[in-house]
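Chemist: Pasting in a structure now, in structure tokens, and then I'll have a few things to ask.
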Amino acid sequence: MATRMQTDTPTGSQDGISSNIDRWTHINKLLNRRGPFCDESFAPGQGKDSLDTCKILVIGAGGLGCEILKNLALSGFKNIHVIDMDTIDVSNLNRQFLFRPSDVGRPKAIVAAEFVMKRVSGVTVTPYHGKIQDKDADYYSQFQIVICGLDSVEARRWMNATIVEISRDNEEIIPLIDGGTEGFKGQARVIIPTLTSCYECSLDMLNKPTTFPICTIANTPRLPEHYQKLDTDEPQHIQWVYEAATTRAKQFNITGVTYTLTQGVVKNIIPAIASTNAIIAAACCNEAFKLATTTAPYLNNYMMYTGNEGIYTYTFEHQKKLECPVCSDENIPVAVEVKKDILLEEFIDWLKEKPEAQLKRPSLSTASKKLYLQAPPPLEKSTRPNLEKKLRELVGEGEEIVITDTTLPFSLRLLVNYV
Amino acid sequence: MDKTQKYDRQLRLWQASGQTALESSKVCLVNGTATGCETLKNLILPGMVLAEKQSIFVDNNNKINIIKSNLYLGIGSFTILDGKTVEASDIGNNFFLDAESIDAPRAERVAILLQELNDDVKVITTDLHEKPLLKLSEILWNAKIPLIVVRTVGFVGYIRVVLPEHTGNVYFNTNVVETHPENISDLRLDTPFPALLEYAKTFDFEKIDSLEHNHIPFVVILLKYLEQWRNEHGNKLPSTSAEKNAFKQAIISGKRVPDEENFDEALAGAWKACSVTKIPSEVERIYNDAACSNISFESSSFWIIARAIHDFVENEGHGLLPLAGSLPDMKADTQSYVALQTIYRQKAKEDIASVRAHVHKILSSIGRPIDFISNQEIESFCKHAAFIKVIRYRSLQEEYITSPKKSEIARWIRDPNDNIVHYLLIRAIDQFYERYQRYPDAATLDEEDGGNESEFINFKSIVTRLFNDYGIKEIPSHVDDFIHETCRAGGSEIPNIASLLGGLVSQEVIKIVTRQYIPIDNTTIFEGIKSTSTTYSL
């Protein structure tokens with residue numbers, strides 16, 4: 001091990017000036033020469049300086065993140081920051097190639113940063129092991145570009161709202177590049193806050209997550225999945241759920257309960273492979289490279305990718321949503337139609353189901369009263385009786401409802417019309 | 001380390017059978033470029049072991065070397081064929097080379113750093129020019145070995161898959177069974193089999209209580225109303241949109257209260273229930289293929305089962321494929337859902353048994369033992385019978401020399417947004433290389449020194465000749481921009497494009513070796529300026 005450590009030490013000293021120039025032979029051709037599709041602002045020979053000074057933030061050091069960090073370092077970015085709250089799990093090793101079996105249990109951001117700095121000399125990768133929500137607008141506004149390689153809607157939504165807000169408040173607009181994958185599918189997009197559509201504008205493109213009504217699970221289970229609803233991460237808990245599910249499934253003559261299925265249902269696991277991550281991460285980094293160096297125009301603004309049947313991409317301009325609660329200048333409340341005898345509780349359930357809302361624990365109020373608040377406990381208790389009431393008794397026709405959710409850094413505004 | 005745990009996220013896509021195929025396949029990479037190494041990374045990570053001993057090595061000087069020694073072997077059991085030594089530019093774009101690697105043999109160094117990726121751990125060529133490539137592809141085509149060709153130039157990438165069809169026991173996925181379609185439910189509502197009809201009759205819609213009523217499976221609801229419709233309409237299904245709406249109205253009138261979810265599910269499925277179950281025409285062509293009619297000792301298991309299914313359709317199937325037997329989730333109580341599921345599964349089992357009997361009959365007629373084809377293979381085929389896929393690839397010889405798709409290419413090139421221009425320019429680059437022993441490589445647009453006019457002119461004259469070969473007399477004006485861009489790129493392999501192409505190629509390799517999902521037929525161009533891609537059958 002000792003010898004390995006020695007030979008793997010960064011060897012910047014051996015990397016003399018001439019070889020350092022040679023090292024960038026490939027990208028230098030594009031940086032040092034004007035192309036027919038270049039923006040007018042492109043200046044041959046300036047690209048390397050832009051890359052030297054560009055401070056870029058990578059959100060997530062998982063499947064996409066590992067690829068993104070490698071690509072940025074090889075593309076000549078010198079000052080890279082990375083945030084990730086997770087530690088390394090065995091199931092990451094089939095694609096997160098900056099990690100080795102001996103790294104299991106260590107923070108992803110730190111191990112990834114160490115590895116990239118060891119392999120690519122001259123790059124600084126600054127890791128932060130923690131949540132994106134730990135950092136404030138001051139922190140985020142130091143970056144020129146942000147790339148997200150996340151797997152959760154919630155985190156991307158938060159990040160998008162934060163970056164849009166900063167860009168709105170400051171002179172400088174921070175481009176946000178977002179990548180996502182699931183199995184053989186993925187997407188890469190460029191968000192230029194306030195100018196192009198943002199992540200929030202496209203929430204309704206997401207599929208509704210598969211959830212099963214509790215009554216189905218309790219009374220009329222049909223699928224093996226119906227035996228396995230529980231929220232846990234511990235292998236022994238999953239084993240327990242698996243065993244309990246098997247017993248209950250036998251009782252109802254349902255076949256197909258396996259450990260893999262159990263784990264998939266309980267943890268809501270999304271299949272992931274190295275190849276799709278490589279494709280999407282590279283598409284994102286290609287955009288970062290073009291944005292930082294103006295060697296070619298950037299993507300306008302969305303590329304969808306599917307690889308299960310041949311190779312298929314669809315590149316299009318996703319339109320800004322006029323009533324987007326995050327990026328619209330107007331900030332118009334959204335008009336919704338609801339049944340006139342709907343109860344507040346039913347209304348909240350209906351909101352949770354709406355793909356363009358994606359709410360987990362919404363709190364609702366109007367200008368004059370609190371309808372239902374999730375926290376703090378005394379307020380939750382005092383507003384709880386409202387859940388049984390008809391919405392119409394609480395909110396008048398055309399009155400505005402403000403919805404907040406702990407997962408959102410902004411509020412949604414709705415105007416209710418009874419039909 | 002527990003493999004199920006380590007490979008959990010991918011096993012969900014290709015299951016244990018795909019994983020075994022992946023781990024036992026052999027891949028050889030010609031030239032350890034950035035694109036090549038990115039490809040290998042994505043193959044080693046999911047568990048592929050790269051080939052032990054390599055036999056063919058073609059370099060850009062057009063030499064074909066048959067190597068049986070360990071000279072070009074990497075570490076462990078995978079192979080990278082590369083005669084080059086590492087230069088500084090290689091460590092700039094290749095993550096699997098470090099400063100230590102300079103002047104060392106490139107194959108050896110990338111092998112060491114790639115090996116680290118997976119301690120458990122087939123032919124891809126990168127950066128190989130036209131002439132040596134044609135030689136290599138001919139050898140591989142005759143040896144029935146799949147070949148994937150990859151090129152990257154600046155923001156542009158090119159992939160060509162060449163899969164010769166196997167006639168023997170082993171088949172690559174020019175023929176795919178497990179295509180992983182999104183929805184394989186096949187409910188046979190228009191032609192219910194006896195067991196299904198019988199079960200549907202056990203529901204008395206009028207007499208049951210309201211809880212039971214809103215748990216009648218939608219399949220049963222549809223069967224009841226379809227039967228009623230047919231009785232009233234001379235045994236015909238609703239076909240016009242007015243009829244279909246009337247049919248829907250009949251279902252709605254059966255609701256006891258407005259929000260019966262099972263009736264809503266029936267309404268959602270009503271349109272499909274009105275359409276006649278038939279064999280998709282693309283799939284029917286496969287079952288009527290010559291390879292299906294002419295079964296011999298040489299026939300692969302794919303074609304033998306396909307023939308058996310053809311015979312099933314003609315006989316027991318009464319014109320229909322074997323039933324897949326899967327049932328979607330629906331509003332129902334557990335007991336009736338499981339009962340319905342059992343009925344579909346039972347029918348699927350009976351169909352499989354009939355197909356199996358046909359398979360055995362065929363095997364004995366051609367002198368093969370019964371265990372030549374496993375039950376599992378027959379079952380999987382029957383389940384996917386409506387979704388199988390056969391792609392017959394054209395060889396590179398056909399594409400380049402004997403029957404190039406001239407008229408199509410001449411048509412596509414007229415559209416300034418069509419990516420076919422990149423295909424032609426990559427071909428032109430190779431011809432340029434042959435003539436000048438280098439890539440077109442100069443700034444042709446920079447105003448200060450007026451641009452390197454001669455490079456542009458030299459390259460354009462080669463492009464013009466190539467276009468003429470394709471019957472394109474006049475070069476469309478937009479092509480000039482791409483000629484400039486190609487000269488600018490100077491054959492560079494930039495890291496992001498290398499990585500993106502590496503992702504695409506590894507994905508195609510995985511499809512080929514696991515015989516799951518559908519590979520490209522046969523060329524994909526990725527263009528990283530607009531971030532678009534196009535697949536062509538060339």
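If you're wondering about the labels, chains in the structure tokens are A, B, ... by order shown, residues count from 1 in each chain, ligands from 1 in order shown.
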Any idea what's packed within 9 Å of Gly76 (chain A), counting only C-alpha atoms, ignoring anything in its chain fewer than 5 positions away? Could you give it as number ranges by chain?
Modeler: A: 24, 27, 48, 51-52, 71, 123, 289; B: 92
Chemist: Go ahead and save the picked residues with C-alpha atoms, as a PDB file, in the first residue's frame.
Modeler:
```pdb
ATOM      1  CA  TRP A  24      -4.556  20.412 -23.361  1.00  0.00           C
ATOM      2  CA  ILE A  27      -9.468  21.156 -26.072  1.00  0.00           C
ATOM      3  CA  LYS A  48      -8.222  28.621 -20.928  1.00  0.00           C
ATOM      4  CA  LEU A  51     -11.785  27.903 -17.370  1.00  0.00           C
ATOM      5  CA  ASP A  52      -9.075  28.894 -14.878  1.00  0.00           C
ATOM      6  CA  ASN A  71     -15.471  15.448 -16.995  1.00  0.00           C
ATOM      7  CA  VAL A 123      -7.415  20.907 -10.246  1.00  0.00           C
ATOM      8  CA  PHE A 289     -17.801  23.755 -21.167  1.00  0.00           C
TER       9      PHE A 289
ATOM     10  CA  GLY B  92      -5.296  15.612 -20.890  1.00  0.00           C
TER      11      GLY B  92
END
```
Chemist: Identify every residue of chain B that has at least one atom within 6 Å of any atom of chain A, counting only C-alpha atoms, and report the result as a PyMOL selection string.
Modeler: chain B and resi 5-7+9-10+12+42+45-46+88-89+92-93+333-334+443+446+481+485+489+492-494+496+499-500+503+507+517-520+530+533
Chemist: Next, the residues of the selection above should be written as a compact mmCIF listing (two decimals), in the first residue's frame with C-alpha atoms.
Modeler:
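As a result, again-v2.txt now contains:
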```
# COMPACT_ATOMS: atom_id res chain seq x y z
CA GLN B 5 -26.02 -6.01 -3.38
CA LYS B 6 -23.29 -4.47 -5.50
CA TYR B 7 -25.17 -4.93 -8.76
CA ARG B 9 -29.41 -1.19 -9.37
CA GLN B 10 -28.62 -2.84 -12.71
CA ARG B 12 -33.38 -4.47 -11.88
CA ASN B 42 -18.85 1.53 -18.30
CA LEU B 45 -18.14 -1.28 -13.62
CA PRO B 46 -21.21 -3.47 -14.22
CA ALA B 88 0.96 14.41 -22.77
CA SER B 89 -2.18 15.02 -24.85
CA GLY B 92 -5.30 15.61 -20.89
CA ASN B 93 -8.39 13.85 -22.18
CA ASP B 333 -60.70 -7.70 -3.85
CA THR B 334 -57.76 -9.99 -3.32
CA ALA B 443 -7.93 27.65 -37.87
CA ASP B 446 -9.72 33.58 -37.64
CA ASP B 481 -19.74 25.73 -41.99
CA GLU B 485 -15.76 23.31 -37.85
CA ALA B 489 -11.56 20.42 -34.40
CA SER B 492 -9.44 16.33 -31.40
CA GLU B 493 -11.11 14.03 -28.97
CA ILE B 494 -12.60 16.26 -26.30
CA ASN B 496 -17.11 15.26 -22.77
CA SER B 499 -17.37 10.21 -22.38
CA LEU B 500 -20.78 10.59 -24.00
CA GLY B 503 -21.69 5.78 -22.61
CA GLN B 507 -24.87 0.57 -23.67
CA TYR B 517 -33.29 -4.42 -25.28
CA ILE B 518 -32.89 -3.29 -28.90
CA PRO B 519 -29.54 -2.16 -30.34
CA ILE B 520 -29.24 0.57 -32.97
CA LYS B 530 -27.06 21.59 -30.65
CA SER B 533 -28.62 12.82 -32.34
```
Chemist: Counting only C-alpha atoms, what is within 6 Å of Pro238 (chain B), bar same-chain residues fewer than 3 positions away, as a list of chain:residue names?
Modeler: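 Near neighbours after the sequence-gap exclusion: B:Glu243, B:Lys244, B:Cys274.
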Chemist: Pick out the residues sitting within 12 Å of region 390-399 of chain A, and hand them over as a PyMOL selection string; count only C-alpha atoms, and ignore anything fewer than 3 positions along from it in its own chain.
Modeler: chain A and resi 333-348+364-372+383+385-387+402+413-419
Chemist: Find the residues near region 147-154 of chain A: any atom within 8 Å, counting only C-alpha atoms, skip ones fewer than 5 places away on the same chain, and give them as a ChimeraX atom specification.
Modeler: /A:56-65,68,176-181,281,284,288,407-408
Chemist: Please list as a count of residues only every residue within 10 Å of region 135-142 of chain A, counting only C-alpha atoms and excluding residues in the same chain fewer than 2 positions away.
Modeler: 22
Chemist: Quick one: everything within 12 Å of region 321-330 of chain A, counting only C-alpha atoms, minus sequence neighbours fewer than 2 positions away in the same chain. Send it as a PyMOL selection string.
Modeler: chain A and resi 157-169+191-204+318-319+332-335+356-357+402-404+408-414
Chemist: What does the distance between CA of Pro192 (chain B) and CA of His310 (chain B) come to in Å, to one decimal place?
Modeler: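 These two atoms are separated by 20.9 Å.
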Chemist: CA of Thr514 (chain B) and CA of Gln19 (chain B) are how many Å apart?
Modeler: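 A separation of 7.3 Å between them.
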Chemist: Which residues in region 410-536 of chain B does DSSP call helix (DSSP H, G or I)? List them as a PDB file with C-alpha atoms, in the first residue's frame.
Modeler:
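Output saved as selection36.pdb:
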```pdb
ATOM      1  CA  ALA B 410     -28.286  12.814 -51.187  1.00  0.00           C
ATOM      2  CA  ARG B 411     -31.792  13.599 -49.954  1.00  0.00           C
ATOM      3  CA  TRP B 412     -30.884  13.956 -46.274  1.00  0.00           C
ATOM      4  CA  ILE B 420     -25.869  13.125 -42.047  1.00  0.00           C
ATOM      5  CA  VAL B 421     -23.333  15.832 -42.931  1.00  0.00           C
ATOM      6  CA  HIS B 422     -21.167  14.581 -40.090  1.00  0.00           C
ATOM      7  CA  TYR B 423     -21.169  11.065 -41.471  1.00  0.00           C
ATOM      8  CA  LEU B 424     -19.888  12.299 -44.808  1.00  0.00           C
ATOM      9  CA  LEU B 425     -17.287  14.534 -43.184  1.00  0.00           C
ATOM     10  CA  ILE B 426     -15.918  11.683 -41.055  1.00  0.00           C
ATOM     11  CA  ARG B 427     -15.577   9.623 -44.241  1.00  0.00           C
ATOM     12  CA  ALA B 428     -13.845  12.596 -45.873  1.00  0.00           C
ATOM     13  CA  ILE B 429     -11.458  12.953 -42.916  1.00  0.00           C
ATOM     14  CA  ASP B 430     -10.254   9.403 -43.483  1.00  0.00           C
ATOM     15  CA  GLN B 431      -9.615  10.109 -47.141  1.00  0.00           C
ATOM     16  CA  PHE B 432      -7.771  13.269 -46.167  1.00  0.00           C
ATOM     17  CA  TYR B 433      -5.671  11.217 -43.744  1.00  0.00           C
ATOM     18  CA  GLU B 434      -4.806   8.731 -46.420  1.00  0.00           C
ATOM     19  CA  ARG B 435      -3.555  11.489 -48.659  1.00  0.00           C
ATOM     20  CA  TYR B 436      -1.765  13.723 -46.132  1.00  0.00           C
ATOM     21  CA  GLU B 453      -7.371  29.176 -46.566  1.00  0.00           C
ATOM     22  CA  SER B 454      -5.395  26.294 -48.066  1.00  0.00           C
ATOM     23  CA  GLU B 455      -6.450  23.769 -45.388  1.00  0.00           C
ATOM     24  CA  PHE B 456     -10.072  24.601 -46.049  1.00  0.00           C
ATOM     25  CA  ILE B 457      -9.582  24.307 -49.804  1.00  0.00           C
ATOM     26  CA  ASN B 458      -7.692  21.020 -49.571  1.00  0.00           C
ATOM     27  CA  PHE B 459     -10.246  19.448 -47.312  1.00  0.00           C
ATOM     28  CA  LYS B 460     -13.144  20.789 -49.332  1.00  0.00           C
ATOM     29  CA  SER B 461     -11.770  19.266 -52.515  1.00  0.00           C
ATOM     30  CA  ILE B 462     -11.773  15.860 -50.818  1.00  0.00           C
ATOM     31  CA  VAL B 463     -15.281  16.481 -49.515  1.00  0.00           C
ATOM     32  CA  THR B 464     -16.397  17.449 -53.030  1.00  0.00           C
ATOM     33  CA  ARG B 465     -15.017  14.245 -54.476  1.00  0.00           C
ATOM     34  CA  LEU B 466     -16.740  12.149 -51.843  1.00  0.00           C
ATOM     35  CA  PHE B 467     -20.031  13.993 -52.410  1.00  0.00           C
ATOM     36  CA  ASN B 468     -19.687  13.316 -56.111  1.00  0.00           C
ATOM     37  CA  ASP B 469     -19.274   9.620 -55.370  1.00  0.00           C
ATOM     38  CA  HIS B 478     -24.499  24.868 -45.132  1.00  0.00           C
ATOM     39  CA  VAL B 479     -21.828  22.199 -45.526  1.00  0.00           C
ATOM     40  CA  ASP B 480     -19.106  24.876 -45.618  1.00  0.00           C
ATOM     41  CA  ASP B 481     -19.745  25.731 -41.986  1.00  0.00           C
ATOM     42  CA  PHE B 482     -19.247  22.124 -40.998  1.00  0.00           C
ATOM     43  CA  ILE B 483     -16.064  21.918 -43.062  1.00  0.00           C
ATOM     44  CA  HIS B 484     -14.719  24.906 -41.136  1.00  0.00           C
ATOM     45  CA  GLU B 485     -15.765  23.310 -37.849  1.00  0.00           C
ATOM     46  CA  THR B 486     -14.069  20.023 -38.807  1.00  0.00           C
ATOM     47  CA  CYS B 487     -10.796  21.800 -39.678  1.00  0.00           C
ATOM     48  CA  ARG B 488     -11.049  23.652 -36.379  1.00  0.00           C
ATOM     49  CA  ALA B 489     -11.563  20.424 -34.397  1.00  0.00           C
ATOM     50  CA  PRO B 495     -13.348  14.688 -22.924  1.00  0.00           C
ATOM     51  CA  ASN B 496     -17.111  15.263 -22.767  1.00  0.00           C
ATOM     52  CA  ILE B 497     -17.790  13.899 -26.230  1.00  0.00           C
ATOM     53  CA  ALA B 498     -15.466  10.960 -25.556  1.00  0.00           C
ATOM     54  CA  SER B 499     -17.372  10.206 -22.380  1.00  0.00           C
ATOM     55  CA  LEU B 500     -20.779  10.588 -23.997  1.00  0.00           C
ATOM     56  CA  LEU B 501     -19.827   8.265 -26.843  1.00  0.00           C
ATOM     57  CA  GLY B 502     -18.306   5.858 -24.328  1.00  0.00           C
ATOM     58  CA  GLY B 503     -21.685   5.776 -22.610  1.00  0.00           C
ATOM     59  CA  LEU B 504     -23.562   5.082 -25.844  1.00  0.00           C
ATOM     60  CA  VAL B 505     -21.148   2.385 -27.019  1.00  0.00           C
ATOM     61  CA  SER B 506     -21.090   0.538 -23.707  1.00  0.00           C
ATOM     62  CA  GLN B 507     -24.871   0.569 -23.673  1.00  0.00           C
ATOM     63  CA  GLU B 508     -24.954  -1.039 -27.136  1.00  0.00           C
ATOM     64  CA  VAL B 509     -22.388  -3.630 -26.049  1.00  0.00           C
ATOM     65  CA  ILE B 510     -24.536  -4.487 -23.032  1.00  0.00           C
ATOM     66  CA  LYS B 511     -27.597  -4.933 -25.259  1.00  0.00           C
ATOM     67  CA  ILE B 512     -25.619  -7.173 -27.605  1.00  0.00           C
ATOM     68  CA  VAL B 513     -24.129  -9.435 -24.953  1.00  0.00           C
ATOM     69  CA  THR B 514     -27.194  -9.688 -22.710  1.00  0.00           C
TER      70      THR B 514
END
```
Chemist: What is the CA of Ser380 (chain B)-CA of Ala306 (chain B) distance in Å, reported with one decimal?
Modeler: 12.0 Å
